[in-house]
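Below: one structure, written as structure tokens.
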Amino acid sequence: MEKNGIPYQFADRIGSLAPSAIREILKVTQDPTVISFAAGNPAAFAFPVEQIREISAKLLETSAEQALQYGVSEGYGPLREQTKERIKRKFGLGTEKDELIITSGGQQALELTAKVLGNEGDAVICENPSFVGALNAFRSYGLKLLGVPVEEDGMDVSAVEKILAEGRRRIAFIYTIPTYQNPTGRTMSLAKRKRLLELAEKYDVVILEDSPYVELSYDETPPPPIKALDTDGRVVYAGSYSKVFSPGIRVGFALAAKPVISKLVVAKQVSDVHTNLFFSMVLSQYLEKYDLDGHIAFVCREYKKKRDFMLSRAEKYLAGVSVSKPGGGLFLWGELPEGFDGFELCRIASEKKVAAVPGSAFLTDETKISNGFRLNFSLPTEEQIEKGMAILGQAVETLLRK
Ligand SMILES: Cc1ncc(COP(=O)(O)O)c(C=O)c1O
């Protein structure tokens, strides 16, 4: 036996998700004196606390038996109907061929899709950089990640075509975050959305469209979801209430063709039986009694101010860095001049008690170098943004002088 305990033989599917140097850097965020631009969390003002308190109390008074009981794997019926109605009205999503399942956050919609569509050794074509939670979910099912660059107008669709045309591996699906992408904040143009769908049709593959930020829109309206352009059930759409209501309640959803949803339901049954029923009922009552769109409009006004403030500080302090102006979402994306390492920048900044996420954390191959880094503006206060960006600016200066 080893000195430090049992030498466990962990499964390959989890072995590939070993803690990385990046996670070590991010550990500093646990120190309360650190200014963190590393999170992806909504601000506390984005939670409708009073309404949730009132609804919860009433629910326990009048419907405790149902709210505390088991539910069905498809999700709480009224919430499914409300969600279908809402995404149809707002984004033109959903046809009579589609069905909807409530999932434990959008994260689970991604994970279950990988479970249902991917065999070990299959590939996923995805943006590079992309959302780590999704990449790790895909890795955990033994899927190989084939990354393509994210251009100003979204995923490099020509690179997608090249991979599809080569046909080296079976493609489980194409994974994209077309609107306010995490981490780059970029949005895919309408032309590219159409082209991607055409390619998916031509090569007979499924698209997994992940869109948790679509409602956090601060400037112009983004193009329609790819799923809204899809007439033959080729797109699985993952959505979430995390960024517009609360991530702690863990309520998201997937909208897809009925046969796909049937499989997702079976897969979910095995994973966690159903999404938390109490909070599904709270959310459902909120949607019935209150104005979620009005709440989102308020949150967007506040986030827009924060985005603009952080952009102004980026301009003031981050000389030599190119910083994106995202139309929505929660992040700015900075790029150092070619040849400089975002990881090194974040390491220097972390020593000065400012946390940001290096671009390499979002790569399909974390060991590659990225000149990018991600900054969150929803959580820090203006004071923290002012101070933190000044410190980050010093870190940039130190790095570029090297
Ligand atoms: C791109 C993207 N997809 C999905 C999610 C999952 O969110 P949730 O599971 O809270 O709905 C996140 C969360 O940060 C995200 O950034």
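Every chain in the structure tokens has a letter given in the order shown (A, B, ...), and although residue numbers restart at 1 in each chain, ligands are simply numbered from 1 in the order shown.
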Quick one: which chain A residues come within 9 Å of ligand 1, and what is the nearest atom pair for each with the distance in Å to one decimal, counting only C-alpha atoms and all ligand atoms, rows ordered by chain and ascending number, as CSV?
```
residue,atom,partner,partner_atom_place_in_ligand_line,distance
A:Ala39,CA,ligand 1,14 (O),8.8
A:Gly40,CA,ligand 1,14 (O),5.7
A:Asn41,CA,ligand 1,14 (O),7.4
A:Thr103,CA,ligand 1,11 (O),8.7
A:Ser104,CA,ligand 1,9 (O),6.8
A:Gly105,CA,ligand 1,9 (O),3.5
A:Gly106,CA,ligand 1,11 (O),3.5
A:Gln107,CA,ligand 1,9 (O),3.7
A:Gln108,CA,ligand 1,9 (O),6.4
A:Ala109,CA,ligand 1,9 (O),8.1
A:Leu110,CA,ligand 1,4 (C),7.5
A:Ser130,CA,ligand 1,1 (C),7.5
A:Phe131,CA,ligand 1,1 (C),5.1
A:Val132,CA,ligand 1,16 (O),8.2
A:Gly133,CA,ligand 1,5 (C),7.0
A:Ala134,CA,ligand 1,3 (N),6.9
A:Thr176,CA,ligand 1,1 (C),8.7
A:Ile177,CA,ligand 1,1 (C),6.1
A:Tyr180,CA,ligand 1,1 (C),8.6
A:Gln181,CA,ligand 1,1 (C),6.5
A:Asn182,CA,ligand 1,1 (C),5.1
A:Pro183,CA,ligand 1,16 (O),7.7
A:Asp210,CA,ligand 1,3 (N),5.7
A:Ser211,CA,ligand 1,3 (N),6.5
A:Pro212,CA,ligand 1,3 (N),5.6
A:Tyr213,CA,ligand 1,1 (C),7.5
A:Ala238,CA,ligand 1,4 (C),7.8
A:Gly239,CA,ligand 1,11 (O),6.9
A:Ser240,CA,ligand 1,11 (O),4.4
A:Tyr241,CA,ligand 1,11 (O),6.4
A:Ser242,CA,ligand 1,10 (O),4.8
A:Lys243,CA,ligand 1,10 (O),7.2
A:Ser246,CA,ligand 1,10 (O),8.2
A:Pro247,CA,ligand 1,10 (O),4.9
A:Gly248,CA,ligand 1,10 (O),7.7
A:Ile249,CA,ligand 1,10 (O),8.7
A:Arg250,CA,ligand 1,10 (O),6.2
A:Val251,CA,ligand 1,11 (O),6.6
A:Gly252,CA,ligand 1,11 (O),5.3
A:Phe253,CA,ligand 1,11 (O),8.3
A:Leu330,CA,ligand 1,16 (O),8.9
```
(request) Tell me which protein, DNA and RNA residues are within 9 Å of A:Pro380, counting only C-alpha atoms, leaving out same-chain ones fewer than 5 positions away, and put them as an NGL selection string. (result) :A and (35-37 or 43 or 306 or 385)
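Between A:Ser158 and the candidates A:Lys304, A:Lys192, A:Lys268, A:Arg139, the tightest atom-to-atom separation, counting only C-alpha atoms, involves A:Lys192.
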Got a sec: who's within 12 Å of A:Arg195, counting only C-alpha atoms, leaving out chain neighbours fewer than 6 positions off, as a JSON list (two decimals) with N, CA and C atoms, in the first residue's frame?
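Contents of result38.json, freshly written:
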```
[["chain", "number", "residue", "atom", "x", "y", "z"],
["A", 154, "GLY", "N", -17.74, 34.32, -35.46],
["A", 154, "GLY", "CA", -18.07, 32.98, -34.98],
["A", 154, "GLY", "C", -17.20, 31.88, -35.56],
["A", 155, "MET", "N", -17.60, 30.66, -35.22],
["A", 155, "MET", "CA", -16.86, 29.44, -35.59],
["A", 155, "MET", "C", -16.37, 29.49, -37.04],
["A", 156, "ASP", "N", -15.15, 29.02, -37.26],
["A", 156, "ASP", "CA", -14.60, 28.95, -38.62],
["A", 156, "ASP", "C", -15.29, 27.78, -39.35],
["A", 157, "VAL", "N", -16.29, 28.12, -40.12],
["A", 157, "VAL", "CA", -17.13, 27.10, -40.73],
["A", 157, "VAL", "C", -16.38, 26.35, -41.85],
["A", 158, "SER", "N", -15.41, 27.02, -42.49],
["A", 158, "SER", "CA", -14.63, 26.33, -43.52],
["A", 158, "SER", "C", -13.80, 25.21, -42.88],
["A", 160, "VAL", "N", -14.69, 23.58, -40.27],
["A", 160, "VAL", "CA", -15.66, 22.51, -39.96],
["A", 160, "VAL", "C", -15.85, 21.65, -41.21],
["A", 161, "GLU", "N", -16.00, 22.32, -42.34],
["A", 161, "GLU", "CA", -16.25, 21.60, -43.59],
["A", 161, "GLU", "C", -15.07, 20.68, -43.93],
["A", 188, "MET", "N", -21.92, 34.33, -33.72],
["A", 188, "MET", "CA", -21.87, 33.80, -35.09],
["A", 188, "MET", "C", -22.85, 34.58, -35.98],
["A", 189, "SER", "N", -22.37, 34.96, -37.16],
["A", 189, "SER", "CA", -23.22, 35.71, -38.09],
["A", 189, "SER", "C", -24.35, 34.81, -38.61],
["A", 201, "GLU", "N", -26.47, 19.23, -42.76],
["A", 201, "GLU", "CA", -27.39, 18.46, -43.62],
["A", 201, "GLU", "C", -26.61, 17.63, -44.63],
["A", 202, "LYS", "N", -25.65, 18.30, -45.27],
["A", 202, "LYS", "CA", -24.87, 17.62, -46.32],
["A", 202, "LYS", "C", -24.15, 16.38, -45.77],
["A", 226, "ILE", "N", -29.69, 28.81, -34.41],
["A", 226, "ILE", "CA", -29.58, 27.86, -35.52],
["A", 226, "ILE", "C", -30.79, 26.93, -35.50],
["A", 229, "LEU", "N", -33.72, 27.86, -37.49],
["A", 229, "LEU", "CA", -33.58, 27.75, -38.95],
["A", 229, "LEU", "C", -33.69, 26.29, -39.39],
["A", 230, "ASP", "N", -33.74, 25.42, -38.41],
["A", 230, "ASP", "CA", -33.66, 23.97, -38.64],
["A", 230, "ASP", "C", -35.06, 23.40, -38.90]]
```
(request) Grab the atom CA of A:Ser350 to atom CA of A:Leu379 distance for me, in Å with one decimal place. (result) 17.5 Å
(message) Could you pull out the helix (DSSP H, G or I) residues of stretch 7-117 of chain A, going by DSSP on the backbone, and write them as a PyMOL selection string?
(response) chain A and resi 12-15+21-30+44-46+49-62+64-67+77-91+105-117
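Reported to one decimal place, the separation of atom CA of A:Val273 from atom CA of A:Tyr141 is 19.6 Å.
In terms of minimum interatomic distance to A:Pro149, A:Cys126 ranks closest within A:Val116, A:Leu135, A:Cys126, A:Val323, counting only C-alpha atoms.
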